[in-house]
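Trainee: Next up is a structure, given as C-alpha cells.
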Amino acid sequence: MKGTLLRTGLFLFMAVWVGFSTAWNASYAGQAGKRLQPAPEEKSTETVKAPARSESRKAEGQTEERESQKQAQKEEPKEKPEQQQTVQKQPDEKQVAQGTKSAREKTEKKADLPVVVYQGPNEKKRVALTFDDGPDRTYTPQVLNILKGEQVPATFFVVGKEVSRNGDVAKRIVSEGHVIANHTWSHLYLPNLPDKRVEGELDRAVQAVKKATGKEMSLMRPPYGAVKGKEERITHIGHRIINWDVDTNDWKPGRTSQQILAAVKGHTVPGSIVLMHSGGGNRSATVQALPEIIRYLKQQGYEFVTVDQLLDVPAYIN
C-alpha cells in the first residue's frame with residue numbers, strides 16, 4: 001500500500017516539474033523574440049516620416065519667398081519716383097554734356113547734304129556759276145577775263161588731261177580766286193566703269209591739278225552728271241559729288257547766247273548751281289551770254305559764290 005502511494009507521489013512531482021519547465025522556456029523565448037523585432041519597425045516608421053517634414057519645410061520656404069517678393073514689388077514703385085526726382089533736381093554734369101552732344105549731332109545730321117548735290121540752301125539769294133570741260137587756251141581765258149571784270153567768283157570742274165596740257169590756265173583759275181574741282185581725267189561715263197577705274201580717273205585728275213596749282217581737290221562732278229552705282233565709291237575716297245539744277249545746254253550745237261540766257265532767267269532760284277562750259281568744244285555762245293547772265297542776276301539781287309561757299313563745305317583737302 002505504502003509503495004503504491006510513493007510511486008503515485010513521485011509521478012505527480014515529475015509531471016509538475018516538466019510542466020513548470022516548459023512554461024518557463026516558452027516565456028523566456030517570447031521575451032527574447034520581442035527584444036529582436038522592434039528596431040526594424042521603428043526604422044521603417046522614421047523613414048516614412050522624414051520626407052514629410054522636409055516637404056513641409058520646402059513649402060514653407062517657398063511661401064516665405066513669394067511673400068518677400070510680393071512685399072518687394074509693393075515697395076519698389078515707392079522708391080523709383082524718389083530716385084527720378086533726385087536726378088531731375090541735381091542732374092549729373094556728364095549726363096548734361098552727353099545730352100548736349102547728342103542734340104548737336106542730331107542737328108548736324110539733319111543739316112547733312114545729300115550724296116549727290118543738285119542745289120544749295122535757298123535761305124539767301126545766292127547763286128554758283130560753274131564751268132565744265134576746261135581748261136583750254138581759247139574759251140577758258142575769255143571766261144576768266146569776264147569774271148575778273150565783273151568781280152564774280154566761279155567754280156571750274158576741270159578735266160585732268162586738259163590740265164596736263166594747260167597747267168598755266170589751271171593755275172590762273174586758282175590765282176584769280178576761283179575754285180578748281182574734279183571732272184575726272186578723261187571725261188568717261190562712270191557708271192560703265194569698274195570701281196578701280198573710277199578711282200583712277202579721279203586720282204589722276206587730282207594729281208594733275210595738284211602738280212599745276214598745289215591744290216588737292218575734294219569736289220567733283222561726274223561727266224554727263226552720270227554717277228549711278230558709283231556714289232559710295234566716290235564718297236569713300238573723299239570726294240563730294242556736285243551736279244546742278246540749272247542746265248543752260250550751252251554744249252549743244254547751234255545753241256544761241258539768247259537761249260542760254262533764257263535758261264538762266266527761267267530756272268535760277270536762290271541756291272541754284274548753274275551749269276555752263278569753258279572748254280570741250282566751241283563755247284563762243286557761252287562767252288557771249290556770260291556778261292548778260294551776270295548783269296541779269298545782279299539786277300535780281302543775287303550774290304555770286306563758289307560751290308564750296310554755297311554749301312559750306314571744303315573745296316580742298318588741305
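Ligands are numbered from 1 in the order shown, residues from 1 within each chain, and chains are lettered A, B, ... in the order they appear in the C-alpha cells.
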Could you name the residues that touch region 300-309 of chain A at 8 Å or less, counting only C-alpha atoms, but leaving out those on the same chain fewer than 6 positions away, as a PyMOL selection string?
Mentor: chain A and resi 125-129+152-155+178-179+270+273+315
Trainee: Near Leu113 (chain A), counting only C-alpha atoms, which residues have an atom at most 12 Å away, once you skip same-chain residues fewer than 6 positions from it, shown as a list in words?
Mentor: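 Returned residues: Gln119, Gly120, Pro121, Arg240, Ile241, Ile242, Leu310, Leu311, Asp312 and Val313 of chain A.
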Trainee: Output N, CA, C and O atoms for every residue in that selection, as a PDB file, in the first residue's frame.
Mentor:
```pdb
ATOM      1  N   GLN A 119      21.554 121.343-105.665  1.00  0.00           N
ATOM      2  CA  GLN A 119      21.207 122.727-105.345  1.00  0.00           C
ATOM      3  C   GLN A 119      21.624 123.035-103.911  1.00  0.00           C
ATOM      4  O   GLN A 119      21.665 122.136-103.059  1.00  0.00           O
ATOM      5  N   GLY A 120      21.943 124.298-103.645  1.00  0.00           N
ATOM      6  CA  GLY A 120      22.323 124.709-102.304  1.00  0.00           C
ATOM      7  C   GLY A 120      21.139 125.212-101.508  1.00  0.00           C
ATOM      8  O   GLY A 120      20.001 125.208-101.987  1.00  0.00           O
ATOM      9  N   PRO A 121      21.390 125.672-100.282  1.00  0.00           N
ATOM     10  CA  PRO A 121      20.321 126.225 -99.441  1.00  0.00           C
ATOM     11  C   PRO A 121      19.667 127.430-100.100  1.00  0.00           C
ATOM     12  O   PRO A 121      20.310 128.199-100.815  1.00  0.00           O
ATOM     13  N   ARG A 240      33.148 114.953-102.750  1.00  0.00           N
ATOM     14  CA  ARG A 240      31.733 115.309-102.657  1.00  0.00           C
ATOM     15  C   ARG A 240      31.206 115.519-104.069  1.00  0.00           C
ATOM     16  O   ARG A 240      31.801 116.238-104.869  1.00  0.00           O
ATOM     17  N   ILE A 241      30.079 114.887-104.376  1.00  0.00           N
ATOM     18  CA  ILE A 241      29.540 114.883-105.741  1.00  0.00           C
ATOM     19  C   ILE A 241      28.622 116.088-105.951  1.00  0.00           C
ATOM     20  O   ILE A 241      27.625 116.262-105.243  1.00  0.00           O
ATOM     21  N   ILE A 242      28.949 116.896-106.963  1.00  0.00           N
ATOM     22  CA  ILE A 242      28.194 118.121-107.245  1.00  0.00           C
ATOM     23  C   ILE A 242      27.628 118.060-108.669  1.00  0.00           C
ATOM     24  O   ILE A 242      28.379 117.980-109.646  1.00  0.00           O
ATOM     25  N   LEU A 310      28.673 128.146-101.195  1.00  0.00           N
ATOM     26  CA  LEU A 310      27.233 127.929-101.240  1.00  0.00           C
ATOM     27  C   LEU A 310      26.809 126.807-100.290  1.00  0.00           C
ATOM     28  O   LEU A 310      25.788 126.907 -99.601  1.00  0.00           O
ATOM     29  N   LEU A 311      27.620 125.733-100.274  1.00  0.00           N
ATOM     30  CA  LEU A 311      27.269 124.547 -99.487  1.00  0.00           C
ATOM     31  C   LEU A 311      27.939 124.533 -98.120  1.00  0.00           C
ATOM     32  O   LEU A 311      27.632 123.652 -97.295  1.00  0.00           O
ATOM     33  N   ASP A 312      28.858 125.463 -97.883  1.00  0.00           N
ATOM     34  CA  ASP A 312      29.633 125.499 -96.631  1.00  0.00           C
ATOM     35  C   ASP A 312      30.383 124.196 -96.412  1.00  0.00           C
ATOM     36  O   ASP A 312      30.291 123.547 -95.364  1.00  0.00           O
ATOM     37  N   VAL A 313      31.153 123.807 -97.431  1.00  0.00           N
ATOM     38  CA  VAL A 313      31.998 122.602 -97.366  1.00  0.00           C
ATOM     39  C   VAL A 313      33.399 122.966 -97.870  1.00  0.00           C
ATOM     40  O   VAL A 313      33.566 123.949 -98.593  1.00  0.00           O
TER      41      VAL A 313
END
```
Trainee: Neighbours of region 140-151 of chain A within 10 Å (only C-alpha atoms; same-chain residues fewer than 3 positions away dropped), as a list of chain:residue names?
Mentor: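 Counting only C-alpha atoms, the residues come to A:Phe131, A:Asp132, A:Asp133, A:Gly134, A:Pro135, A:Asp136, A:Arg137, A:Ala154, A:Phe156, A:Val169, A:Ala170, A:Arg172, A:Ile173, A:Glu176, A:Gly177, A:His178, A:His277, A:Ser278, A:Gly279, A:Arg283, A:Ser284, A:Thr286, A:Val287, A:Gln288, A:Leu290, A:Pro291, A:Ile294, A:Arg295, A:Phe304.
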Trainee: Could you tell me how far CA of His236 (chain A) sits from CA of Met276 (chain A), in Å to one decimal place?
Mentor: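 The value is 27.5 Å.
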Trainee: I need the residue nearest Val159 (chain A) from this list: A:Lys230, A:Asp112, A:Tyr189, A:Gly280. Use only C-alpha atoms for the distance.
Mentor: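 Going through A:Lys230, A:Asp112, A:Tyr189, A:Gly280 one by one, the smallest distance to Val159 (chain A) is for A:Gly280.
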Trainee: Applying 12 Å and only C-alpha atoms, which residues near Leu193 (chain A) remain after dropping the ones on its own chain fewer than 5 positions away? List them as JSON, numbers by chain.
Mentor: {"A": [187, 188, 198, 199, 200, 201, 226, 227, 228, 229, 230, 233]}
Trainee: Taking the DSSP assignment computed from this structure's backbone, write out as a compact mmCIF listing (two decimals) with N, CA, C and O atoms, in the first residue's frame all residues of region 173-289 of chain A that belong to strand (DSSP E).
Mentor:
```txt
# COMPACT_ATOMS: atom_id res chain seq x y z
N VAL A 179 37.47 128.54 -107.70
CA VAL A 179 37.70 127.20 -107.16
C VAL A 179 37.86 126.22 -108.32
O VAL A 179 37.10 126.27 -109.30
N ILE A 180 38.84 125.34 -108.20
CA ILE A 180 39.07 124.33 -109.22
C ILE A 180 38.63 122.98 -108.64
O ILE A 180 38.92 122.65 -107.49
N ALA A 181 37.87 122.21 -109.44
CA ALA A 181 37.28 120.96 -108.96
C ALA A 181 37.43 119.86 -110.00
O ALA A 181 37.77 120.13 -111.16
N ASN A 182 37.15 118.65 -109.60
CA ASN A 182 37.46 117.44 -110.37
C ASN A 182 36.33 117.07 -111.33
O ASN A 182 35.18 116.91 -110.94
N LEU A 219 35.98 118.44 -104.31
CA LEU A 219 34.70 118.49 -105.01
C LEU A 219 34.86 117.83 -106.37
O LEU A 219 35.90 117.97 -107.02
N MET A 220 33.83 117.11 -106.82
CA MET A 220 33.89 116.50 -108.15
C MET A 220 32.52 116.54 -108.81
O MET A 220 31.48 116.60 -108.15
N ARG A 240 33.15 114.95 -102.75
CA ARG A 240 31.73 115.31 -102.66
C ARG A 240 31.21 115.52 -104.07
O ARG A 240 31.80 116.24 -104.87
N ILE A 241 30.08 114.89 -104.38
CA ILE A 241 29.54 114.88 -105.74
C ILE A 241 28.62 116.09 -105.95
O ILE A 241 27.63 116.26 -105.24
N ILE A 242 28.95 116.90 -106.96
CA ILE A 242 28.19 118.12 -107.25
C ILE A 242 27.63 118.06 -108.67
O ILE A 242 28.38 117.98 -109.65
N VAL A 246 20.36 124.06 -112.77
CA VAL A 246 20.09 124.91 -113.94
C VAL A 246 21.05 124.50 -115.06
O VAL A 246 22.27 124.70 -114.95
N ASP A 247 20.51 123.90 -116.11
CA ASP A 247 21.31 123.45 -117.25
C ASP A 247 21.07 124.40 -118.42
O ASP A 247 19.96 124.48 -118.95
N ILE A 273 22.71 126.09 -108.71
CA ILE A 273 24.02 125.78 -109.28
C ILE A 273 23.83 125.74 -110.78
O ILE A 273 23.09 124.90 -111.31
N VAL A 274 24.47 126.69 -111.49
CA VAL A 274 24.26 126.86 -112.94
C VAL A 274 25.38 126.16 -113.70
O VAL A 274 26.56 126.38 -113.44
N LEU A 275 25.00 125.32 -114.67
CA LEU A 275 25.96 124.59 -115.48
C LEU A 275 26.22 125.30 -116.81
O LEU A 275 25.30 125.56 -117.59
N MET A 276 27.52 125.59 -117.04
CA MET A 276 27.99 126.08 -118.34
C MET A 276 29.31 125.39 -118.65
O MET A 276 29.77 124.55 -117.88
N HIS A 277 29.90 125.72 -119.82
CA HIS A 277 31.15 125.07 -120.22
C HIS A 277 32.18 126.11 -120.67
O HIS A 277 31.83 127.09 -121.33
```
